[in-house]
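As structure tokens, the structure follows; a few thoughts come after it.
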Amino acid sequence: MPVFSRRNVLLVLLAGALILPWMGNPYTLFVGTLLFIYVLLAVGLNLLVGYAGQLAFANAAMFGIGAYTTGLLQVRLELPFFAAFPCGAVVATLVGLVISLPALRLSGLYLALTTLAFAQATQWVFLHWENVTFGAGGFKTPLISFAPLPVETPTGLYFLSLLLAVLLTLFAWNVAASRIGRAFVAIRDGEVAAESLGIDLLRYKALAFAMSGFYAGVAGGLYSALLNFVAPEGFDLFQMVLHKAMIVVGGLGSVTGSLLGAGILVFLLEALRAFKGTQEIAFGALLLVFVIFLRGGLVSVLKRNARGWEEPLRLPERRARLLARPGTASVPGE
Amino acid sequence: MRLNSFASAMVGTLLLAVAPAAAADAPGVTADKIRIGSFGALTGPGYLYGKLVMNGVEIVFDEVNAKGGVHGRKLELVREDDRCDPAGAIGAVKKLIYQDQVFALIGGGCSNATFAAREEVEKSKVPLLVFASVHDGITTPPAPNIFSTATTSTIESYAQLEFALKRGAKRIAVVSMRDSWGRARYEPLMAAFKSKGVKPVADEEVSPDANDTTAQVLRLKAANADAVIVLLYPKPAAVFLRDSAKLAFKPIMIGQTGIADPAAFEEQVGVPGGTANFYTISMVRYTPDDPAVDKWRKAIEAKFPGDRLSVFNLFGVGSAQVLVEALKNAGPDLTREKLIAALASIKNFETDTHGGPITCSEADHRCHKSPAWIRKEPGGPTKVLDVTPVSLN
């Protein structure tokens with residue numbers, strides 16, 4: 001295994017993340033938590049857009065649905081965070097499933113327009129269903145507690161976000177390297193061809209939307225807890241562009257790319273604070289550079305120039321054998 | 001005797017030497033510098049309430065520094081962009097407090113963003129003087145360390161209604177945006193209507209990006225409104241006034257601090273006579289072309305070549321003067337607690353720009369309750385008509 005392999009680099013980063021609360025300050029802890037939230041968003045969106053090839057623009061809306069559901073259940077029904085949080089993820093997953101229905105008949109620009117319209121409609125609901133959502137002014141959510149664990153809220157939230165980011169990234173890697181991931185890629189590369197191979201479009205498209213919704217819902221719940229405030233402007237078009245930029249910069253169709261993209265964009269947004277007002281220019285320039293010159297994203301450069309960064313669409317044979325059910329000889333075909 | 005004098009002198013010298021050392025323990029304060037953080041939008045449409053106000057703060061700091069600083073310490077302004085977004089504001093505030101280690105904060109442009117950051121600021125116990133955000137929730141109920149020199153939504157709402165009633169309006173209508181900014185004003189205005197026992201004859205909504213308001217104007221005209229309280233950004237407000245002029249609807253139009261530059265607004269409306277009945281509120285009692293603010297105009301033009309003085313710069317000038325006054329009153333042995341106490345005890349302090357004296361107290365941190373009424377007659381200069389002191393007790 002090369003020293004600069006994906007696994008080694010990510011393990012070093014993980015070790016750094018584990019000690020950050022003792023090395024940093026509340027600001028770095030905040031940025032760290034934000035980073036894990038964006039990792040979840042980018043990984044979920046990449047499964048849908050990068051792997052399954054569905055050009056959807058509803059991720060920010062589902063992120064908002066997760067945040068609003070988690071926050072509103074705490075405020076309106078006085079549910080504790082740890083009960084409201086899974087509900088937020090479930091609601092976003094169900095919404096993802098509902099959005100997948102038009103995706104069966106639409107593709108490309110038409111799907112993009114439909115999902116964009118859905119995102120705008122969601123914004124409208126956040127703004128105008130005042131009796132429930134508190135309207136444009138947003139609302140404060142209660143501070144969550146990790147008692148009886150001896151950790152303060154920001155530290156607890158940081159580790160919770162880290163844990164979920166790690167678990168859901170591992171899950172995404174496994175999905176991508178399974179029959180499901182290969183079905184997603186087949187649909188992306190040609191729906192007719194995929195169908196002729198026996199891939200159920202309805203099932204796999206719905207699954208991709210639902211998974212993306214689930215990731216966005218989890219991220220939304222964490223986001224509402226991080227800010228202790230939920231308002232419509234947090235889930236607008238800029239947020240959608242940010243998510244898309246993460247997967248474009250990191251690399252479409254790559255879980256590792258999602259991690260890199262989220263890391264770079266969050267770092268860029270925070271680092272450019274020092275250069276005042278230049279964020280938008282740098283952000284736009286970065287997108288242009290990647291769209292024009294590096295369409296495979298940063299991960300494609302790593303894959304070309306360093307060993308150990310490949311992301312095969314099948315598990316290594318030893319792991320596959322371990323995971324295979326009794327009686328199953330090998331991983332189902334690609 | 002001589003020995004005693006010598007000993008006293010030594011003790012005095014030691015105390016003087018120790019004082020900056022003690023102050024140096026306060027984050028952001030050294031023997032010769034006080035670092036002040038500022039957050040607001042540096043980019044996007046909200047930059048009017050962020051970047052421009054910060055520019056006003058900076059020219060005051062420059063003036064103070066040129067005169068030797070506050071108790072010998074120069075003031076340094078550290079700016080952070082909050083992008084007018086709750087997450088951005090929380091990130092900006094955390095960075096200023098924990099990373100940049102500022103001593104105090106002066107800032108807050110967009111209401112929802114500042115409101116979202118309130119908890120973090122309150123928890124940190126870092127003094128904050130809000131310079132432009134009007135959301136009532138930022139200062140009500142008061143956080144011990146957060147004060148405001150912005151006229152808050154409730155204060156403006158009462159002033160708007162008071163103004164309409166004083167002008168003899170009997171049928172008052174409202175036209176508003178229902179985004180976070182509009183909401184922060186609309187709700188206190190409705191409360192003001194209720195407390196005065198007045199019912200609006202019509203209540204119309206306009207979207208922030210509207211380019212036609214004919215329907216709204218016709219409905220207000222049908223309601224026979226003789227005064228309209230305009231809770232809109234300059235752009236939709238300009239569209240609304242243009243359509244009103246087109247449809248010969250001529251009630252008194254009452255604006256708020258979002259439309260604080262009537263000269264620029266007249267250009268935006270672009271219809272001769274379209275702003276003839278338009279009155280608006282400003283947090284400051286001067287217009288940018290008033291000779292009384294010549295000094296600040298020159299300072300802005302010198303420091304930021306290409307900029308022309310705007311009312312938003314003047315918000316910053318007034319707020320910075322309040323902060324400087326509090327820093328002076330807090331004494332040379334500076335601590336955050338002393339600055340908070342000094343801010344809470346500011347009484348009848350006249351800035352170069354605000355509509356009335358600034359008065360804070362332990363119980364009420366809304367320190368500016370004197371919105372100024374301004375008007376620009378078509379083709380004429382902008383004039384400050386009046387100041388409406390608002391009593392909320």
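By order of appearance in the structure tokens: chains A, B, ..., then residues from 1 within every chain, and ligands from 1 in the order shown.
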
**Test item: chain B residues at most 8 Å from chain A, counting only C-alpha atoms, as a PyMOL selection string** = chain B and resi 42-43+79-81+85-87+90-91+94-95+98-99+112+116+178-181+183-184

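Rounded to one decimal, atom CA of Leu10 of chain A and atom CA of Leu294 of chain A lie 22.2 Å from each other.
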
**Prompt:** Can you tell me, as a ChimeraX atom specification, what residues are no more than 10 Å from Tyr279 of chain B when counting only C-alpha atoms, ignoring any on the same chain fewer than 3 positions away?
**Reply:** /B:160,163,229-230,252-256,259-260,262,275-276,282,373-377,384-385

**Message:** If you run DSSP on the backbone here, which positions in segment 82-310 of chain A get strand (DSSP E or B)? Please write them as JSON, numbers by chain.
**Reply:** {"A": [139, 140, 229, 230]}

**Prompt:** Between B:Tyr158, B:Asp226, B:Lys74, B:Pro127, which is the closest to Pro144 of chain B once you count only C-alpha atoms?
**Reply:** B:Pro127

**Request:** Determine, counting only C-alpha atoms, which protein, DNA and RNA residues have an atom within 12 Å of an atom of Gly284 of chain A; residues of the same chain fewer than 6 positions away are not included. Present the result as a count of residues only.
**Result:** 11
